[in-house]
Amino acid sequence: MNLKHLCAFAAIGLTLGFAGPAHAVTTIKIGTLAPQDSPWGKEFKKWANIVSTDTNGEVQLDFQWNGQAGDEVLMVQKMRSGQLDGAAITAVGLSQTGVTDVLLFQMPGLFANWGKLDNARNALKDDFNKAFEAKGFTVGGWGDVGAAKTMTVGFEVHHPGDLRGKACFFNAGDAVQPAIFTAIGGITPKQLTVNEILPSLANGSINVLVVPPLAAEQLQWASRVTHISSQTVSFGIGAMIFSSARLQSVPQNLRDIVTARGNDMSARLTASIRNLDAQAYGRMKGSKQAYDLSDSEKKEWNDLFAHVRQQLRGTTFTPALFDKVVQLAQ
């Protein structure tokens with residue numbers, strides 16, 4: 001066989017695929033509000049790289065950062081319609097799946113510290129995982145957002161009544177914050193998506209935030225506030241969830257890699273986010289006007305939160321599960 005024939009044979013072989021079987025690439029589209037250079041974003045990118053390596057490139061995690069896929073309500077809707085395969089979302093977003101009881105984990109005034117929250121979440125994790133599965137979603141790993149503080153522009157908030165007449169807001173899909181504002185009275189809150197908060201702070205249409213310091217820094221809200229309370233209002237939590245149907249369509253061996261590496265990622269974030277959030281609070285405490293609440297002021301807030309919790313029992317929250325979480329929180 002001469003060189004001309006050899007080259008022709010090689011060309012035919014490559015055309016017909018003699019070079020070896022090609023593997024189809026599975027792309028899993030995941031929405032998140034997190035910026036890609038945030039602590040969450042860095043871990044998500046690490047997860048994507050490990051999954052790509054461990055599956056020999058057969059699975060690619062494609063993240064849509066900074067709310068490009070929409071707010072958390074829209075992300076869940078897109079998962080239902082098949083436009084999105086997964087999402088990293090907070091408890092507010094998780095509640096849009098129909099599992100509204102998940103909002104109990106970040107109910108204001110319920111947990112005294114992270115340890116109490118961990119006890120309750122760990123005790124009920126399997127129950128919640130099954131509840132999400134029943135709604136068509138699979139939990140790929142639980143995580144934390146941070147310890148929410150009250151932040152304001154130009155004033156301190158010591159009593160619930162101090163919020164009357166102020167420019168407050170609530171996130172789309174949140175069933176708890178509007179109930180608190182109603183209980184206080186004299187507040188007409190605006191419904192905003194996360195991406196609308198920064199411009200609303202900039203133009204003065206809102207002047208109150210109740211968010212974790214780390215989130216406030218990463219989303220650039222911290223630059224707009226002047227005062228911060230030392231009191232932790234609630235503990236923000238979240239999870240990575242997938243469309244169960246989409247996840248089941250991925251071959252078992254590849255699916256196991258995605259979920260196992262996802263659980264590793266969630267564990268790393270749990271170990272780091274709380275510390276990073278505390279550091280962010282330390283920075284804000286040094287750059288803003290920080291203040292403490294007196295014991296009597298704290299009691300006012302805790303009484304308000306307990307009253308609202310009881311109102312939501314039987315409506316937003318399933319009574320039996322509500323009672324169990326409250327018991328574990330104590």
# chains A, B, ... in the order shown; residues from 1 in each chain; ligands from 1

$ closest_atom_pairs --of "stretch 239-312 of chain A" --to "stretch 133-151 of chain A" --cutoff "8 Å" --atoms "only C-alpha atoms" --output "CSV"
residue,atom,partner,partner_atom,distance
A:Ala239,CA,A:Trp142,CA,4.2
A:Met240,CA,A:Gly140,CA,5.1
A:Ile241,CA,A:Val139,CA,4.5
A:Phe242,CA,A:Thr138,CA,5.1
A:Ser243,CA,A:Phe137,CA,4.8
A:Ser244,CA,A:Phe137,CA,4.8
A:Ala245,CA,A:Gly136,CA,7.1
A:Thr259,CA,A:Gly140,CA,5.9
A:Gly262,CA,A:Gly140,CA,6.1
A:Asn263,CA,A:Gly141,CA,5.2
A:Ser266,CA,A:Gly141,CA,5.5
A:Ala267,CA,A:Gly143,CA,7.7
A:Leu269,CA,A:Gly143,CA,6.7
A:Thr270,CA,A:Gly143,CA,5.7
A:Ile273,CA,A:Asp144,CA,6.8
A:Arg274,CA,A:Gly146,CA,5.9
A:Asp277,CA,A:Gly146,CA,5.7

$ write_last_selection --atoms "C-alpha atoms" --output "CSV table (one decimal), in the first residue's frame"
chain,number,residue,atom,x,y,z
A,239,ALA,CA,-30.2,24.0,49.3
A,240,MET,CA,-29.2,22.8,45.8
A,241,ILE,CA,-32.2,21.2,44.2
A,242,PHE,CA,-32.7,19.4,40.9
A,243,SER,CA,-35.6,18.4,38.8
A,244,SER,CA,-36.0,14.8,39.8
A,245,ALA,CA,-37.1,13.9,36.2
A,259,THR,CA,-24.7,14.1,43.7
A,262,GLY,CA,-22.5,18.0,45.3
A,263,ASN,CA,-22.7,16.7,48.9
A,266,SER,CA,-22.3,21.5,50.4
A,267,ALA,CA,-20.2,20.2,53.4
A,269,LEU,CA,-19.7,25.5,52.2
A,270,THR,CA,-21.3,24.8,55.5
A,273,ILE,CA,-20.0,30.3,55.1
A,274,ARG,CA,-20.8,30.8,58.8
A,277,ASP,CA,-20.6,35.7,57.4

$ residues_around --residues "A:Leu304" --least-positions-apart "2" --cutoff "10 Å" --atoms "only C-alpha atoms" --output "list in words"
Pro108, Gly109, Pro160, Ile180, Ala183, Ile184, Lys298, Lys299, Glu300, Trp301, Asn302, Ala306, His307, Val308 and Arg309 of chain A

$ atom_distance --atom1 "atom CA of A:Thr100" --atom2 "atom CA of A:Leu312"
10.8 Å

$ closest_residue --among "A:Asn195, A:Thr316, A:Val325, A:Leu219" --to "A:Ser95" --atoms "only C-alpha atoms"
A:Thr316

$ select_by_dssp --residues "stretch 67-313 of chain A" --states "strand (DSSP E)" --output "PyMOL selection string"
chain A and resi 86-90+137-152+169-171+190-192+208-211+227-243+289-291

$ closest_residue --among "A:Pro212, A:Phe235, A:Ala278, A:Ala290" --to "A:Lys116" --atoms "only C-alpha atoms"
A:Phe235

$ select_by_dssp --residues "stretch 258-321 of chain A" --states "alpha helix (DSSP H)" --output "PyMOL selection string"
chain A and resi 258-287+295-312+319-321

$ closest_residue --among "A:Val208, A:Ala131, A:Ala172, A:Val233" --to "A:Leu74" --atoms "only C-alpha atoms"
A:Ala172

$ residues_around --residues "A:Ser229" --least-positions-apart "2" --cutoff "9 Å" --atoms "only C-alpha atoms" --output "MDAnalysis selection string"
chainID A and resid 149:152 156:158 227 231:232 285 289:293

$ atom_distance --atom1 "atom CA of A:Arg261" --atom2 "atom CA of A:Trp47"
6.5 Å

$ residues_around --residues "A:Trp65" --least-positions-apart "2" --cutoff "10 Å" --atoms "only C-alpha atoms" --output "list in words"
Ile30, Gly31, Thr32, Leu33, Ala34, Pro35, Gln36, Asp37, Gly41, Asp62, Phe63, Gly67, Gln68, Ala69 and Gly70 of chain A

$ closest_residue --among "A:Ala24, A:Val59, A:Val153, A:Val210" --to "A:Ile257" --atoms "only C-alpha atoms"
A:Val59

$ decode --residues "stretch 146-161 of chain A" --atoms "all heavy atoms" --output "mmCIF file, in the first residue's frame"
data_model
loop_
_atom_site.group_PDB
_atom_site.id
_atom_site.type_symbol
_atom_site.label_atom_id
_atom_site.label_comp_id
_atom_site.auth_asym_id
_atom_site.auth_seq_id
_atom_site.Cartn_x
_atom_site.Cartn_y
_atom_site.Cartn_z
ATOM 1 N N GLY A 146 -26.405 32.655 56.019
ATOM 2 C CA GLY A 146 -25.809 33.506 57.041
ATOM 3 C C GLY A 146 -26.812 33.922 58.100
ATOM 4 O O GLY A 146 -27.997 33.573 58.029
ATOM 5 N N ALA A 147 -26.327 34.655 59.103
ATOM 6 C CA ALA A 147 -27.156 35.124 60.218
ATOM 7 C C ALA A 147 -27.672 36.518 59.897
ATOM 8 O O ALA A 147 -26.907 37.489 59.848
ATOM 9 C CB ALA A 147 -26.339 35.143 61.509
ATOM 10 N N ALA A 148 -28.975 36.638 59.658
ATOM 11 C CA ALA A 148 -29.563 37.890 59.190
ATOM 12 C C ALA A 148 -29.599 38.955 60.280
ATOM 13 O O ALA A 148 -30.008 38.697 61.422
ATOM 14 C CB ALA A 148 -30.969 37.638 58.669
ATOM 15 N N LYS A 149 -29.183 40.152 59.905
ATOM 16 C CA LYS A 149 -29.208 41.321 60.787
ATOM 17 C C LYS A 149 -30.085 42.412 60.156
ATOM 18 O O LYS A 149 -30.255 42.454 58.935
ATOM 19 C CB LYS A 149 -27.797 41.894 60.966
ATOM 20 C CG LYS A 149 -26.714 40.885 61.301
ATOM 21 C CD LYS A 149 -26.756 40.459 62.737
ATOM 22 C CE LYS A 149 -25.531 39.606 63.075
ATOM 23 N NZ LYS A 149 -25.571 39.096 64.456
ATOM 24 N N THR A 150 -30.587 43.305 60.985
ATOM 25 C CA THR A 150 -31.344 44.450 60.479
ATOM 26 C C THR A 150 -30.374 45.553 60.087
ATOM 27 O O THR A 150 -29.561 45.999 60.903
ATOM 28 C CB THR A 150 -32.329 44.969 61.537
ATOM 29 O OG1 THR A 150 -33.243 43.926 61.888
ATOM 30 C CG2 THR A 150 -33.116 46.163 61.006
ATOM 31 N N MET A 151 -30.452 45.995 58.842
ATOM 32 C CA MET A 151 -29.601 47.062 58.316
ATOM 33 C C MET A 151 -30.497 48.163 57.763
ATOM 34 O O MET A 151 -31.519 47.876 57.135
ATOM 35 C CB MET A 151 -28.699 46.535 57.198
ATOM 36 C CG MET A 151 -27.898 45.310 57.584
ATOM 37 S SD MET A 151 -27.003 44.601 56.164
ATOM 38 C CE MET A 151 -26.554 42.991 56.837
ATOM 39 N N THR A 152 -30.123 49.397 57.981
ATOM 40 C CA THR A 152 -30.968 50.509 57.572
ATOM 41 C C THR A 152 -30.142 51.663 57.011
ATOM 42 O O THR A 152 -28.913 51.683 57.134
ATOM 43 C CB THR A 152 -31.795 51.029 58.768
ATOM 44 O OG1 THR A 152 -30.904 51.218 59.892
ATOM 45 C CG2 THR A 152 -32.882 50.047 59.167
ATOM 46 N N VAL A 153 -30.848 52.618 56.445
ATOM 47 C CA VAL A 153 -30.215 53.812 55.888
ATOM 48 C C VAL A 153 -30.693 55.026 56.690
ATOM 49 O O VAL A 153 -31.814 55.498 56.532
ATOM 50 C CB VAL A 153 -30.565 54.003 54.399
ATOM 51 C CG1 VAL A 153 -29.834 55.228 53.827
ATOM 52 C CG2 VAL A 153 -30.217 52.757 53.597
ATOM 53 N N GLY A 154 -29.857 55.493 57.622
ATOM 54 C CA GLY A 154 -30.131 56.741 58.318
ATOM 55 C C GLY A 154 -30.811 56.645 59.669
ATOM 56 O O GLY A 154 -31.074 57.681 60.284
ATOM 57 N N PHE A 155 -31.079 55.438 60.172
ATOM 58 C CA PHE A 155 -31.773 55.358 61.461
ATOM 59 C C PHE A 155 -31.547 53.981 62.092
ATOM 60 O O PHE A 155 -31.163 53.026 61.412
ATOM 61 C CB PHE A 155 -33.279 55.606 61.299
ATOM 62 C CG PHE A 155 -33.957 54.674 60.337
ATOM 63 C CD1 PHE A 155 -34.552 53.498 60.768
ATOM 64 C CD2 PHE A 155 -33.984 54.966 58.976
ATOM 65 C CE1 PHE A 155 -35.169 52.636 59.880
ATOM 66 C CE2 PHE A 155 -34.608 54.110 58.068
ATOM 67 C CZ PHE A 155 -35.200 52.952 58.522
ATOM 68 N N GLU A 156 -31.788 53.907 63.417
ATOM 69 C CA GLU A 156 -31.724 52.643 64.149
ATOM 70 C C GLU A 156 -33.126 52.071 64.327
ATOM 71 O O GLU A 156 -34.115 52.819 64.323
ATOM 72 C CB GLU A 156 -31.074 52.863 65.529
ATOM 73 C CG GLU A 156 -29.631 53.326 65.461
ATOM 74 C CD GLU A 156 -28.979 53.480 66.828
ATOM 75 O OE1 GLU A 156 -29.657 53.199 67.847
ATOM 76 O OE2 GLU A 156 -27.795 53.883 66.879
ATOM 77 N N VAL A 157 -33.198 50.772 64.502
ATOM 78 C CA VAL A 157 -34.476 50.097 64.733
ATOM 79 C C VAL A 157 -34.382 49.344 66.060
ATOM 80 O O VAL A 157 -33.700 48.323 66.147
ATOM 81 C CB VAL A 157 -34.811 49.117 63.588
ATOM 82 C CG1 VAL A 157 -36.114 48.374 63.899
ATOM 83 C CG2 VAL A 157 -34.927 49.860 62.272
ATOM 84 N N HIS A 158 -35.053 49.861 67.087
ATOM 85 C CA HIS A 158 -35.038 49.221 68.402
ATOM 86 C C HIS A 158 -36.345 48.501 68.709
ATOM 87 O O HIS A 158 -36.346 47.459 69.365
ATOM 88 C CB HIS A 158 -34.749 50.259 69.490
ATOM 89 C CG HIS A 158 -33.334 50.761 69.486
ATOM 90 N ND1 HIS A 158 -32.345 50.207 70.265
ATOM 91 C CD2 HIS A 158 -32.735 51.742 68.776
ATOM 92 C CE1 HIS A 158 -31.193 50.835 70.047
ATOM 93 N NE2 HIS A 158 -31.410 51.774 69.143
ATOM 94 N N HIS A 159 -37.444 49.081 68.251
ATOM 95 C CA HIS A 159 -38.768 48.522 68.521
ATOM 96 C C HIS A 159 -39.457 48.190 67.193
ATOM 97 O O HIS A 159 -39.170 48.828 66.167
ATOM 98 C CB HIS A 159 -39.640 49.520 69.289
ATOM 99 C CG HIS A 159 -38.961 50.133 70.474
ATOM 100 N ND1 HIS A 159 -38.926 49.525 71.700
ATOM 101 C CD2 HIS A 159 -38.278 51.312 70.604
ATOM 102 C CE1 HIS A 159 -38.253 50.288 72.553
ATOM 103 N NE2 HIS A 159 -37.844 51.372 71.908
ATOM 104 N N PRO A 160 -40.365 47.222 67.177
ATOM 105 C CA PRO A 160 -41.108 46.943 65.941
ATOM 106 C C PRO A 160 -41.758 48.200 65.358
ATOM 107 O O PRO A 160 -41.751 48.398 64.135
ATOM 108 C CB PRO A 160 -42.150 45.918 66.393
ATOM 109 C CG PRO A 160 -41.481 45.197 67.533
ATOM 110 C CD PRO A 160 -40.693 46.257 68.243
ATOM 111 N N GLY A 161 -42.270 49.052 66.237
ATOM 112 C CA GLY A 161 -42.920 50.278 65.775
ATOM 113 C C GLY A 161 -41.992 51.235 65.054
ATOM 114 O O GLY A 161 -42.454 52.122 64.311
#
